[in-house]
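Report on the structure given below.
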Amino acid sequence: MAAIKEPWGLSVLGAGSVSAEPRLAHVDLAVDLLAPTPKAAFAEAGAAVTRLRDVLREHGIPDSDVSGSRLQLTSQYKGYGADRTFHGYGCVATYTVRTEALAGLELLIEDAVTAGANRVDAVRFEVEDKPAMRDEARRRAVAAARRKAEVYAQACGVRLGPVIHIEDVDPESMGGHSHGRRTGGDPEDDGALTPGSVRVEAAVLLGFALLPE
C-alpha cells in the first residue's frame, strides 16, 4: 500500500487559460533554390528576393515589418559514401513577415510563393498583448487550484490554512498526470495557436497548510 512519506498539508495542481481573437500574423518565408554555380545561385536568389520585396510592398507591408537574413550559400550533395555526388549550390534567404491584414493573408502567401518564396515554414497568429493574457491565465490557474483544495479540505473535515508553497508549472507537461511536470521554464511564445483564436495557458502547483475544524 502506498504511503505519504512526508505528510505536511495539501498539494493541488490548477490550470487556467485565456483565448482571444488574433490581431496579427507572422509568416516565415524562404527563398530556397539550387543552381550549378555560385554566381547563378546568387543571381537567381537575388532576383527572387527582389520580386518578393516588391510583392510585400504591393500588399502594403512596410520594410520595417519584414525581417530577413543575408543570402547563404552551401554546397549540396546527393547520396552517401562512394555514391555521394555533387548536386549544386544551394542559396537560401529567410524572412519573417508581420501583418495585421489577416483577411488578405491567404492571397499574400500565394503572391509571395509566386514571386519566389518557395518555402512557407510557419504561420503564427498572435495577439497584441500576450503577457497580459498570460497573467490572467495564471490568476485563473490559482483560482482553480484553490477551488480544488477547498473541495478536498471540506471532504476531509479540515480547513484550508495559508498557502505555503507556490510552484510554476509548464502546462504542456501536465498531460493528465496530477504532479507530472517540468518546472523552471516560462516560454512566453507557447499556447495553442489557430487561425480562429490564440489560447494562452498557465498552470500552478499550490501547497496549503491544513487546520482542524
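By order of appearance in the C-alpha cells: chains A, B, ..., then residues from 1 within every chain, and ligands from 1 in the order shown.
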- Message: So that I can check the surroundings of segment 20-25 of chain A, please list as a ChimeraX atom specification every protein, DNA and RNA residue that reaches within 12 Å of it, counting only C-alpha atoms and ignoring chain neighbours fewer than 5 positions away.
- Response: /A:65-66,96-106,108-109,122-130,132-134,136-137,191-201
Hey, what's within 9 Å of Leu73 of chain A if we count only C-alpha atoms and toss same-chain stuff fewer than 2 positions away? As a ChimeraX atom specification, please? /A:38,41-42,71,75,89-92
Just the selected residues (C-alpha atoms), exported as a PDB file, in the first residue's frame, please.
```
ATOM      1  CA  PRO A  38      27.649  30.150 -57.056  1.00  0.00           C
ATOM      2  CA  ALA A  41      22.695  30.755 -57.346  1.00  0.00           C
ATOM      3  CA  PHE A  42      23.250  34.308 -56.113  1.00  0.00           C
ATOM      4  CA  LEU A  71      21.828  35.086 -48.759  1.00  0.00           C
ATOM      5  CA  SER A  75      27.387  23.088 -51.410  1.00  0.00           C
ATOM      6  CA  TYR A  89      24.964  25.216 -54.859  1.00  0.00           C
ATOM      7  CA  GLY A  90      22.057  25.891 -52.581  1.00  0.00           C
ATOM      8  CA  CYS A  91      21.166  29.508 -51.809  1.00  0.00           C
ATOM      9  CA  VAL A  92      18.717  30.390 -49.042  1.00  0.00           C
TER      10      VAL A  92
END
```
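The gap separating atom CA of Gly207 of chain A from atom CA of Val12 of chain A is 6.6 Å, in Å to one decimal.
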Atom CA of Gly46 of chain A to atom CA of Ala117 of chain A measures 11.5 Å
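Note that the spacing between atom CA of Val113 of chain A and atom CA of Ser67 of chain A amounts to 17.0 Å.
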Of A:Val31, A:Leu210, A:Ala47, A:Ala202, the one nearest to Gly157 of chain A when counting only C-alpha atoms is A:Leu210
- Do you know which residues are at most 10 Å from Ile164 of chain A counting only C-alpha atoms, after dropping those on the same chain fewer than 4 positions away, and could you put them as a VMD selection string? chain A and resid 9 to 11 206 to 209
Next item on the list: Determine which residues of segment 13-209 of chain A DSSP labels as helix (DSSP H, G or I) from the backbone of this structure, then write them out as a ChimeraX atom specification.
Entry: /A:38-58,63-65,81-83,102-115,130-156,171-173
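For the choices A:Ala141, A:Ala93, A:Leu33, A:Ala203, the atom-to-atom distance to Val49 of chain A is smallest for A:Ala93 when using only C-alpha atoms.
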* Asked: Where does DSSP see strand (DSSP E) in segment 26-194 of chain A, if you list the residues as number ranges by chain?
  -> A: 26-35, 66-68, 72-78, 85-99, 119-126, 158-169, 192-193
So which residues touch Val158 of chain A within 7 Å, counting only C-alpha atoms, skipping near sequence neighbours fewer than 6 positions away, as JSON, numbers by chain? {"A": [210, 211, 212, 213]}
